[in-house]
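Asker: Structure file structure_2.txt, compact mmCIF, C-alpha atoms, is pasted below:
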```txt
# COMPACT_ATOMS: atom_id res chain seq x y z
CA MET J 1 0.00 0.00 0.00
CA ASN J 2 1.47 3.36 -0.99
CA ALA J 3 1.46 6.53 1.12
CA GLU J 4 -1.65 7.96 -0.56
CA ASP J 5 -3.59 4.74 0.02
CA ARG J 6 -2.56 4.76 3.68
CA ARG J 7 -3.80 8.31 4.13
CA ARG J 8 -7.16 7.43 2.58
CA HIS J 9 -7.45 4.42 4.89
CA LEU J 10 -6.68 6.45 8.01
CA GLY J 11 -10.06 8.14 8.00
CA ARG J 12 -11.75 4.71 7.95
CA GLY J 13 -9.93 3.61 11.07
CA LEU J 14 -6.94 1.60 12.14
CA SER J 15 -8.59 -1.67 11.10
CA ALA J 16 -8.28 -0.61 7.45
CA LEU J 17 -4.52 -0.28 7.78
CA LEU J 18 -4.23 -3.62 9.56
CA GLY J 19 -6.16 -5.26 6.75
CA ASP J 20 -9.39 -6.04 8.61
CA ASP J 21 -11.60 -4.32 6.04
CA GLY J 22 -11.25 -6.78 3.20
CA ALA J 23 -8.60 -4.77 1.36
CA GLU J 24 -6.02 -6.54 -0.78
CA PRO J 25 -2.88 -7.51 1.16
CA ALA J 26 0.33 -5.63 0.50
CA ALA J 27 2.90 -7.43 -1.64
CA SER J 28 5.81 -7.20 0.79
CA ASP J 29 7.44 -9.13 3.59
CA THR J 30 5.77 -6.74 6.05
CA GLY J 31 2.29 -8.09 5.41
CA ARG J 32 -0.72 -8.09 7.65
CA THR J 33 -0.25 -11.57 9.10
CA PRO J 34 0.62 -11.11 12.79
CA ARG J 35 3.89 -12.47 14.09
CA PHE J 36 4.97 -12.88 17.71
CA VAL J 37 7.80 -10.68 18.95
CA SER J 38 9.60 -10.63 22.31
CA LEU J 39 8.60 -7.72 24.54
CA ASP J 40 12.30 -6.90 24.87
CA LEU J 41 12.40 -5.95 21.18
CA LEU J 42 9.49 -3.49 21.40
CA ARG J 43 10.12 0.23 21.94
CA PRO J 44 7.64 3.01 22.88
CA GLY J 45 6.59 5.11 19.90
CA ARG J 46 8.24 8.50 19.39
CA PHE J 47 4.94 9.81 18.03
CA GLN J 48 2.64 8.59 20.80
CA PRO J 49 0.33 11.58 21.49
CA ARG J 50 -0.76 10.25 24.87
CA ARG J 51 1.16 11.62 27.81
CA ARG J 52 -0.95 10.03 30.56
CA PHE J 53 -1.86 6.38 31.11
CA GLY J 54 -4.55 6.21 33.79
CA GLN J 55 -3.99 3.74 36.60
CA GLU J 56 -7.56 2.45 36.58
CA GLU J 57 -7.66 1.76 32.84
CA MET J 58 -4.24 0.09 32.97
CA ASP J 59 -5.39 -2.16 35.84
CA SER J 60 -8.48 -3.13 33.84
CA LEU J 61 -6.45 -3.86 30.69
CA GLU J 62 -3.90 -5.89 32.64
CA ALA J 63 -6.69 -8.02 34.14
CA SER J 64 -8.18 -8.58 30.68
CA ILE J 65 -4.82 -9.63 29.23
CA ARG J 66 -4.20 -12.05 32.11
CA GLU J 67 -7.55 -13.68 31.38
CA LYS J 68 -7.75 -13.59 27.56
CA GLY J 69 -4.30 -12.59 26.34
CA VAL J 70 -3.68 -9.87 23.73
CA ILE J 71 -6.36 -10.28 21.07
CA GLN J 72 -5.57 -7.38 18.75
CA PRO J 73 -1.99 -7.23 17.42
CA ILE J 74 0.18 -4.17 17.98
CA LEU J 75 1.16 -2.10 14.94
CA VAL J 76 4.93 -1.58 14.71
CA ARG J 77 7.71 -0.60 12.33
CA LYS J 78 11.32 -1.79 12.29
CA THR J 79 14.06 0.33 13.81
CA SER J 80 17.68 0.63 12.74
CA ASP J 81 18.84 -1.68 15.57
CA GLN J 82 16.51 -4.50 14.41
CA ALA J 83 14.00 -3.80 17.16
CA TYR J 84 10.43 -2.56 16.65
CA GLU J 85 8.89 0.85 17.36
CA ILE J 86 5.28 0.78 18.55
CA ILE J 87 2.98 2.87 16.36
CA ALA J 88 -0.37 1.79 17.81
CA GLY J 89 -0.94 -0.31 20.91
CA GLU J 90 1.44 1.06 23.53
CA ARG J 91 -1.09 0.51 26.33
CA ARG J 92 -1.35 -3.17 25.43
CA TRP J 93 2.45 -3.43 25.52
CA ARG J 94 2.62 -1.75 28.94
CA ALA J 95 -0.22 -3.89 30.32
CA ALA J 96 1.37 -7.05 28.89
CA GLN J 97 4.60 -6.23 30.71
CA ARG J 98 2.68 -5.90 33.96
CA ALA J 99 0.84 -9.17 33.25
CA GLY J 100 4.14 -10.99 32.83
CA LEU J 101 3.87 -11.85 29.12
CA HIS J 102 7.06 -12.52 27.17
CA GLU J 103 5.88 -11.89 23.60
CA LEU J 104 3.11 -10.10 21.75
CA PRO J 105 1.41 -10.42 18.35
CA VAL J 106 2.49 -7.58 16.05
CA VAL J 107 1.87 -6.42 12.51
CA VAL J 108 4.95 -4.87 10.92
CA ARG J 109 4.48 -2.01 8.47
CA GLU J 110 6.80 0.28 6.53
CA LEU J 111 5.79 3.78 7.60
CA THR J 112 7.22 7.28 7.33
CA ASP J 113 7.43 9.51 10.40
CA ARG J 114 4.40 11.46 9.22
CA GLU J 115 2.35 8.31 8.71
CA ALA J 116 3.43 7.03 12.13
CA LEU J 117 2.21 10.21 13.81
CA GLU J 118 -1.02 10.22 11.80
CA ILE J 119 -1.83 6.63 12.75
CA ALA J 120 -0.95 7.10 16.43
CA LEU J 121 -3.16 10.20 16.54
CA VAL J 122 -6.07 8.62 14.65
CA GLU J 123 -6.08 5.50 16.82
CA ASN J 124 -6.31 7.52 20.02
CA VAL J 125 -8.81 10.08 18.66
CA GLN J 126 -11.16 7.40 17.34
CA ARG J 127 -11.10 5.63 20.69
CA ALA J 128 -11.57 8.92 22.59
CA ASP J 129 -8.38 8.15 24.53
CA LEU J 130 -6.79 11.61 24.37
CA SER J 131 -7.37 14.66 26.50
CA PRO J 132 -8.27 17.78 24.46
CA ILE J 133 -4.76 19.15 25.03
CA GLU J 134 -3.08 15.90 23.92
CA GLU J 135 -5.25 15.87 20.80
CA ALA J 136 -4.50 19.54 20.07
CA LEU J 137 -0.76 18.98 20.50
CA GLY J 138 -0.95 16.08 18.06
CA TYR J 139 -2.67 18.32 15.50
CA GLN J 140 -0.12 21.07 16.08
CA ARG J 141 2.75 18.65 15.56
CA LEU J 142 1.34 17.43 12.27
CA MET J 143 0.99 21.04 11.13
CA THR J 144 4.42 22.26 12.23
CA GLU J 145 6.53 19.19 11.45
CA PHE J 146 4.73 17.82 8.40
CA ASP J 147 3.01 20.87 6.88
CA HIS J 148 -0.55 19.63 7.28
CA THR J 149 -3.34 22.16 6.82
CA GLN J 150 -6.44 22.14 9.02
CA GLU J 151 -8.40 20.82 6.04
CA GLN J 152 -5.99 17.90 5.59
CA LEU J 153 -6.08 17.17 9.31
CA SER J 154 -9.87 17.01 9.36
CA LYS J 155 -9.79 14.37 6.61
CA VAL J 156 -7.03 12.36 8.29
CA VAL J 157 -8.76 12.10 11.68
CA GLY J 158 -12.33 12.04 10.38
CA LYS J 159 -13.34 15.21 12.23
CA SER J 160 -14.78 18.51 10.98
CA ARG J 161 -12.43 21.40 10.27
CA SER J 162 -14.16 23.44 12.96
CA HIS J 163 -13.41 20.66 15.48
CA VAL J 164 -9.72 20.78 14.56
CA ALA J 165 -9.65 24.59 14.71
CA ASN J 166 -11.42 24.70 18.08
CA LEU J 167 -8.99 22.15 19.55
CA LEU J 168 -5.98 24.13 18.33
CA ARG J 169 -7.37 27.30 19.92
CA LEU J 170 -7.15 25.60 23.33
CA LEU J 171 -3.36 25.77 23.09
CA ASP J 172 -3.68 29.56 23.53
CA LEU J 173 -5.03 29.10 27.06
CA PRO J 174 -2.86 30.05 30.05
CA PRO J 175 -0.72 27.19 31.43
CA GLY J 176 -2.82 26.77 34.57
CA VAL J 177 -6.03 26.34 32.58
CA LYS J 178 -4.39 23.83 30.23
CA THR J 179 -3.19 21.82 33.24
CA LEU J 180 -6.75 21.62 34.62
CA LEU J 181 -8.09 20.64 31.19
CA ASP J 182 -5.35 18.06 30.62
CA GLY J 183 -6.08 16.53 34.03
CA GLY J 184 -9.82 16.29 33.40
CA LYS J 185 -10.72 18.87 36.05
CA ILE J 186 -12.56 20.98 33.45
CA THR J 187 -13.96 20.06 30.05
CA ALA J 188 -13.20 21.47 26.60
CA GLY J 189 -16.50 23.36 26.84
CA HIS J 190 -15.33 25.09 30.02
CA ALA J 191 -11.98 25.84 28.41
CA ARG J 192 -13.49 27.38 25.26
CA ALA J 193 -15.52 29.74 27.44
CA LEU J 194 -12.27 30.93 29.05
CA LEU J 195 -10.49 31.78 25.79
CA GLY J 196 -9.51 35.44 25.65
CA VAL J 197 -10.81 36.10 29.17
CA GLU J 198 -8.78 38.09 31.69
CA ASN J 199 -7.89 36.17 34.86
CA ALA J 200 -8.75 32.90 33.11
CA GLU J 201 -6.72 30.85 35.58
CA THR J 202 -8.54 32.38 38.55
CA LEU J 203 -11.89 31.73 36.93
CA ALA J 204 -10.88 28.16 36.08
CA ARG J 205 -10.09 27.46 39.73
CA GLN J 206 -13.50 28.90 40.68
CA ILE J 207 -15.16 26.62 38.13
CA VAL J 208 -13.53 23.58 39.73
CA ALA J 209 -14.19 24.69 43.30
CA ARG J 210 -17.86 25.52 42.63
CA ASN J 211 -18.37 22.58 40.24
CA LEU J 212 -19.89 24.86 37.60
CA ASN J 213 -21.28 23.44 34.38
CA VAL J 214 -20.47 24.93 30.98
CA ARG J 215 -23.55 27.18 30.83
CA GLN J 216 -22.78 28.58 34.28
CA THR J 217 -19.17 29.10 33.19
CA GLU J 218 -20.28 31.04 30.11
CA ARG J 219 -22.41 33.33 32.28
CA LEU J 220 -19.47 33.84 34.65
CA THR J 221 -17.09 34.80 31.84
CA GLN J 222 -19.64 37.08 30.17
CA LEU J 223 -20.09 38.90 33.46
CA GLY J 224 -16.32 39.39 33.67
CA LYS J 225 -16.21 40.73 30.12
CA LYS J 226 -18.98 43.24 30.86
CA ARG J 227 -17.16 44.51 33.94
CA THR J 228 -13.96 44.94 31.93
CA ALA J 229 -15.83 46.79 29.20
CA LYS J 230 -17.31 49.25 31.72
CA LYS J 231 -13.82 50.20 32.87
CA GLN J 232 -12.73 51.14 29.36
CA PRO J 233 -13.53 54.73 28.29
CA LEU J 234 -15.87 54.96 25.33
CA SER J 235 -14.63 57.01 22.40
CA ALA J 236 -17.19 59.29 20.78
CA LYS J 237 -18.12 58.53 17.18
CA ASP J 238 -19.81 60.90 14.81
CA THR J 239 -23.20 60.09 13.30
CA ASP J 240 -21.72 59.23 9.89
CA THR J 241 -19.41 56.63 11.40
CA LEU J 242 -22.22 55.11 13.45
CA ALA J 243 -24.47 55.00 10.39
CA LEU J 244 -21.79 53.29 8.34
CA GLU J 245 -21.19 50.75 11.11
CA HIS J 246 -24.92 50.01 11.16
CA GLU J 247 -25.04 49.65 7.36
CA LEU J 248 -22.07 47.27 7.23
CA SER J 249 -23.42 45.23 10.14
CA ALA J 250 -26.76 44.82 8.35
CA LEU J 251 -25.00 43.90 5.10
CA LEU J 252 -22.79 41.21 6.67
CA GLY J 253 -25.13 40.06 9.42
CA LEU J 254 -22.25 40.50 11.90
CA LYS J 255 -21.15 43.19 14.32
CA VAL J 256 -18.90 45.71 12.56
CA SER J 257 -16.84 48.36 14.32
CA LEU J 258 -15.04 51.34 12.75
CA LYS J 259 -12.24 53.23 14.45
CA PRO J 260 -11.36 56.28 12.34
CA SER J 261 -7.95 57.91 12.63
CA GLY J 262 -7.76 60.89 10.31
CA LYS J 263 -8.15 59.65 6.74
CA ALA J 264 -7.27 56.08 7.80
CA GLY J 265 -8.69 53.79 10.47
CA ASP J 266 -9.48 50.24 11.52
CA LEU J 267 -12.37 48.03 10.44
CA THR J 268 -13.27 45.16 12.80
CA ILE J 269 -15.73 42.38 11.97
CA ARG J 270 -16.69 40.15 14.89
CA TYR J 271 -17.72 36.55 14.19
CA GLU J 272 -18.96 33.97 16.67
CA SER J 273 -18.15 30.79 14.73
CA LEU J 274 -15.93 29.49 11.95
CA GLU J 275 -19.03 29.12 9.77
CA GLN J 276 -19.63 32.88 10.04
CA LEU J 277 -15.99 33.54 9.19
CA ASP J 278 -16.22 31.27 6.14
CA ASP J 279 -19.31 33.17 5.00
CA VAL J 280 -17.48 36.52 5.26
CA VAL J 281 -14.48 35.16 3.34
CA GLN J 282 -16.73 33.84 0.58
CA ARG J 283 -18.49 37.19 0.30
CA LEU J 284 -15.26 39.15 0.16
CA SER J 285 -13.66 36.78 -2.35
CA ALA J 286 -16.71 36.50 -4.62
CA LYS J 287 -16.10 37.65 -8.18
CA PRO J 288 -18.42 40.38 -9.49
CA VAL J 289 -21.11 39.15 -11.87
```
Here is a file; write its structure as structure tokens.
Answerer:
Amino acid sequence: MNAEDRRRHLGRGLSALLGDDGAEPAASDTGRTPRFVSLDLLRPGRFQPRRRFGQEEMDSLEASIREKGVIQPILVRKTSDQAYEIIAGERRWRAAQRAGLHELPVVVRELTDREALEIALVENVQRADLSPIEEALGYQRLMTEFDHTQEQLSKVVGKSRSHVANLLRLLDLPPGVKTLLDGGKITAGHARALLGVENAETLARQIVARNLNVRQTERLTQLGKKRTAKKQPLSAKDTDTLALEHELSALLGLKVSLKPSGKAGDLTIRYESLEQLDDVVQRLSAKPV
């Protein structure tokens, strides 16, 4: 299977790459038939997006392996020292070590670094195994190291482009908020409400302490924004500027703000979603009839 075929299969899940979807087998010595490899020859993946392995889930997986063994093979690729790097299945490898196994079933594939990261990310995303921050960091790595666009990422992981964009925005949160989100103390919904808010870390701690839901969090942050706005002096605008703002707002269906400065000035268009932004871009880029 060539690189383009692999990328198309990624969106259909890891089973497609392992050959469980009825696809034709690859004509190479690294086929889909599992082989057994000593645990000593397996190495953790360099592109594993997961940074946390929960104790409870590891205990449960270890107990399952003790009873039934490892049912699904681990996906690996060969390393330069004749060992194997784990691409998908690191939890099974860790749990197998704890269960006292000596070898594991593996499927060996020839993969580039980019494909290895894509597969590791897709496997975890499809199984909902990643925290929002881990998922966002995986997306960011694919964009910075392998020149993926958000559109390409959405196809690779089988998510909407707005989902990818919203996850990436979470990386702009203050460190304290990201720590709470990464640890499961707050949800991605809480975190999105804190984007661009002053004292976000203080508010995040209040959310945890008061056990606020997302709607309550949104009200809390809106209240903080209103208080901040009251502190800022309002600049007077003439009637022509206000009329033009109103006209542009009606034309675009979005809030438009003008800030004149002599013969120049600033034009600000506020959007509430990526869909609204896409609509503005399409309008501005439309060719005249």
Asker: Take CA of Pro175 (chain J) and CA of Asn199 (chain J) and report the distance between them in Å, one decimal.
Answerer: 12.0 Å
Asker: Mind giving me the straight-line distance from CA of Gly69 (chain J) to CA of Ala96 (chain J) in Å, one decimal?
Answerer: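 These two atoms are separated by 8.3 Å.
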Asker: Taking a cut-off of 10 Å and counting all atoms listed in the file, can you build a table that, for each residue of region 132-175 of chain J near region 271-282 of chain J, reports the nearest atom pair and how far apart they are in Å (one decimal), sorted by chain then residue number, as CSV?
Answerer:
```
residue,atom,partner,partner_atom,distance
J:Arg161,CA,J:Leu274,CA,9.0
J:Ser162,CA,J:Leu274,CA,6.4
J:His163,CA,J:Leu274,CA,9.8
J:Ala165,CA,J:Leu274,CA,8.4
J:Asn166,CA,J:Leu274,CA,9.0
```
Asker: Counting all atoms listed in the file, figure out which residue out of J:Leu75, J:Val208, J:Ala88, J:Val177 gets nearest to Leu194 (chain J).
Answerer: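 Ranked by minimum distance to Leu194 (chain J), first place goes to J:Val177.
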Asker: Measure the distance from CA of Ile119 (chain J) to CA of Ala136 (chain J) in Å and round it to one decimal.
Answerer: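 Taking CA of Ile119 (chain J) and CA of Ala136 (chain J), their separation equals 15.1 Å.
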Asker: Which residue is closest to Leu267 (chain J)? Choose from J:Glu56, J:Glu145, J:Glu245, J:Glu90 and count all atoms listed in the file.
Answerer: J:Glu245
Asker: Could you give me, as a compact mmCIF listing (two decimals) with C-alpha atoms, keeping the file's coordinate frame, the residues that have an atom at most 12 Å away from the point (10.2, 10.8, 19.6) in the coordinates of the file, using all atoms listed in the file?
Answerer:
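File written: selection_24.txt
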```txt
# COMPACT_ATOMS: atom_id res chain seq x y z
CA ARG J 43 10.12 0.23 21.94
CA PRO J 44 7.64 3.01 22.88
CA GLY J 45 6.59 5.11 19.90
CA ARG J 46 8.24 8.50 19.39
CA PHE J 47 4.94 9.81 18.03
CA GLN J 48 2.64 8.59 20.80
CA PRO J 49 0.33 11.58 21.49
CA GLU J 85 8.89 0.85 17.36
CA ILE J 86 5.28 0.78 18.55
CA ILE J 87 2.98 2.87 16.36
CA ASP J 113 7.43 9.51 10.40
CA ARG J 114 4.40 11.46 9.22
CA ALA J 116 3.43 7.03 12.13
CA LEU J 117 2.21 10.21 13.81
CA ARG J 141 2.75 18.65 15.56
```
Asker: Between J:Leu167, J:Ile269, J:Leu244, J:Val122, which one has atoms that come closest to Gln140 (chain J), using only C-alpha atoms?
Answerer: J:Leu167
Asker: Would you list the residues near (0.4, 0.5, 29.6), meaning any protein, DNA or RNA residue with an atom at most 10 Å from that point in file coordinates, counting only C-alpha atoms, as an NGL selection string?
Answerer: :J and (52-55 or 57-59 or 61-62 or 89-98)
Asker: Here is a test: counting all atoms listed in the file, which residue of J:Glu67, J:Leu248, J:Val214, J:Ala209 is nearest to Thr187 (chain J)?
Answerer: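 Among J:Glu67, J:Leu248, J:Val214, J:Ala209, it is J:Val214 that comes nearest to Thr187 (chain J).
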Asker: Restricting the calculation to all atoms listed in the file, which member of J:Leu121, J:Leu284, J:Ala193, J:Leu242 is positioned closest to Leu220 (chain J)?
Answerer: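 Selected residue with least distance to Leu220 (chain J): J:Ala193.
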Asker: Could you check the closest approach to Gly196 (chain J) for each of J:Asn213, J:Gln82, J:Thr221, J:Thr268 and tell me which residue wins, using all atoms listed in the file?
Answerer: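 Smallest separation from Gly196 (chain J) among the options: J:Thr221.
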Asker: May I have the residues within 6 Å of region 103-107 of chain J as a PDB file with C-alpha atoms, in the frame of the given file, using only C-alpha atoms and disregarding those fewer than 6 positions away in the same chain?
Answerer:
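Done, and the output landed in out.pdb:
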```pdb
ATOM      1  CA  ARG J  32      -0.720  -8.090   7.650  1.00  0.00           C
ATOM      2  CA  PRO J  34       0.620 -11.110  12.790  1.00  0.00           C
ATOM      3  CA  ARG J  35       3.890 -12.470  14.090  1.00  0.00           C
ATOM      4  CA  PHE J  36       4.970 -12.880  17.710  1.00  0.00           C
ATOM      5  CA  VAL J  37       7.800 -10.680  18.950  1.00  0.00           C
ATOM      6  CA  SER J  38       9.600 -10.630  22.310  1.00  0.00           C
ATOM      7  CA  LEU J  39       8.600  -7.720  24.540  1.00  0.00           C
ATOM      8  CA  PRO J  73      -1.990  -7.230  17.420  1.00  0.00           C
ATOM      9  CA  ILE J  74       0.180  -4.170  17.980  1.00  0.00           C
ATOM     10  CA  LEU J  75       1.160  -2.100  14.940  1.00  0.00           C
TER      11      LEU J  75
END
```
Asker: Contacts of Tyr84 (chain J) at 8 Å or less, counting only C-alpha atoms, minus same-chain residues fewer than 5 places along, as a PyMOL selection string?
Answerer: chain J and resi 41-43+76-79
Asker: Grab the residues selected above and save them as a PDB file, keeping the file's coordinate frame with C-alpha atoms.
Answerer:
```
ATOM      1  CA  LEU J  41      12.400  -5.950  21.180  1.00  0.00           C
ATOM      2  CA  LEU J  42       9.490  -3.490  21.400  1.00  0.00           C
ATOM      3  CA  ARG J  43      10.120   0.230  21.940  1.00  0.00           C
ATOM      4  CA  VAL J  76       4.930  -1.580  14.710  1.00  0.00           C
ATOM      5  CA  ARG J  77       7.710  -0.600  12.330  1.00  0.00           C
ATOM      6  CA  LYS J  78      11.320  -1.790  12.290  1.00  0.00           C
ATOM      7  CA  THR J  79      14.060   0.330  13.810  1.00  0.00           C
TER       8      THR J  79
END
```
Asker: Please define a box with edges along x, y and z of the file around all atoms of region 129-147 of chain J given in the file, extend it by 5 Å on each side, and return its centre and edge lengths in Å to one decimal, as AutoDock Vina command-line options.
Answerer:
```
--center_x -0.9 --center_y 15.2 --center_z 16.7 --size_x 24.9 --size_y 24.1 --size_z 29.6
```
Asker: Complete the atoms of region 184-201 of chain J to N, CA and C atoms and put them out as a CSV table (one decimal), keeping the file's coordinate frame.
Answerer:
```
chain,number,residue,atom,x,y,z
J,184,GLY,N,-8.4,16.7,33.3
J,184,GLY,CA,-9.8,16.3,33.4
J,184,GLY,C,-10.6,17.0,34.5
J,185,LYS,N,-10.0,18.1,35.0
J,185,LYS,CA,-10.7,18.9,36.0
J,185,LYS,C,-11.8,19.8,35.4
J,186,ILE,N,-11.6,20.2,34.2
J,186,ILE,CA,-12.6,21.0,33.4
J,186,ILE,C,-12.7,20.3,32.1
J,187,THR,N,-13.8,20.6,31.4
J,187,THR,CA,-14.0,20.1,30.0
J,187,THR,C,-13.5,21.1,29.0
J,188,ALA,N,-13.5,20.6,27.7
J,188,ALA,CA,-13.2,21.5,26.6
J,188,ALA,C,-14.2,22.6,26.5
J,189,GLY,N,-15.5,22.3,26.8
J,189,GLY,CA,-16.5,23.4,26.8
J,189,GLY,C,-16.2,24.5,27.8
J,190,HIS,N,-15.8,24.1,29.0
J,190,HIS,CA,-15.3,25.1,30.0
J,190,HIS,C,-14.2,25.9,29.5
J,191,ALA,N,-13.2,25.2,28.9
J,191,ALA,CA,-12.0,25.8,28.4
J,191,ALA,C,-12.3,26.8,27.3
J,192,ARG,N,-13.2,26.5,26.4
J,192,ARG,CA,-13.5,27.4,25.3
J,192,ARG,C,-14.1,28.7,25.8
J,193,ALA,N,-14.9,28.6,26.9
J,193,ALA,CA,-15.5,29.7,27.4
J,193,ALA,C,-14.5,30.7,28.1
J,194,LEU,N,-13.3,30.1,28.4
J,194,LEU,CA,-12.3,30.9,29.0
J,194,LEU,C,-11.3,31.6,28.1
J,195,LEU,N,-11.4,31.2,26.8
J,195,LEU,CA,-10.5,31.8,25.8
J,195,LEU,C,-10.6,33.3,25.7
J,196,GLY,N,-9.5,34.0,25.8
J,196,GLY,CA,-9.5,35.4,25.6
J,196,GLY,C,-10.1,36.2,26.8
J,197,VAL,N,-10.3,35.5,28.0
J,197,VAL,CA,-10.8,36.1,29.2
J,197,VAL,C,-9.7,36.5,30.1
J,198,GLU,N,-9.8,37.7,30.7
J,198,GLU,CA,-8.8,38.1,31.7
J,198,GLU,C,-9.0,37.2,32.9
J,199,ASN,N,-7.9,37.0,33.6
J,199,ASN,CA,-7.9,36.2,34.9
J,199,ASN,C,-8.5,34.8,34.6
J,200,ALA,N,-8.2,34.2,33.5
J,200,ALA,CA,-8.8,32.9,33.1
J,200,ALA,C,-8.4,31.8,34.1
J,201,GLU,N,-7.1,31.9,34.6
J,201,GLU,CA,-6.7,30.8,35.6
J,201,GLU,C,-7.5,31.0,36.9
```
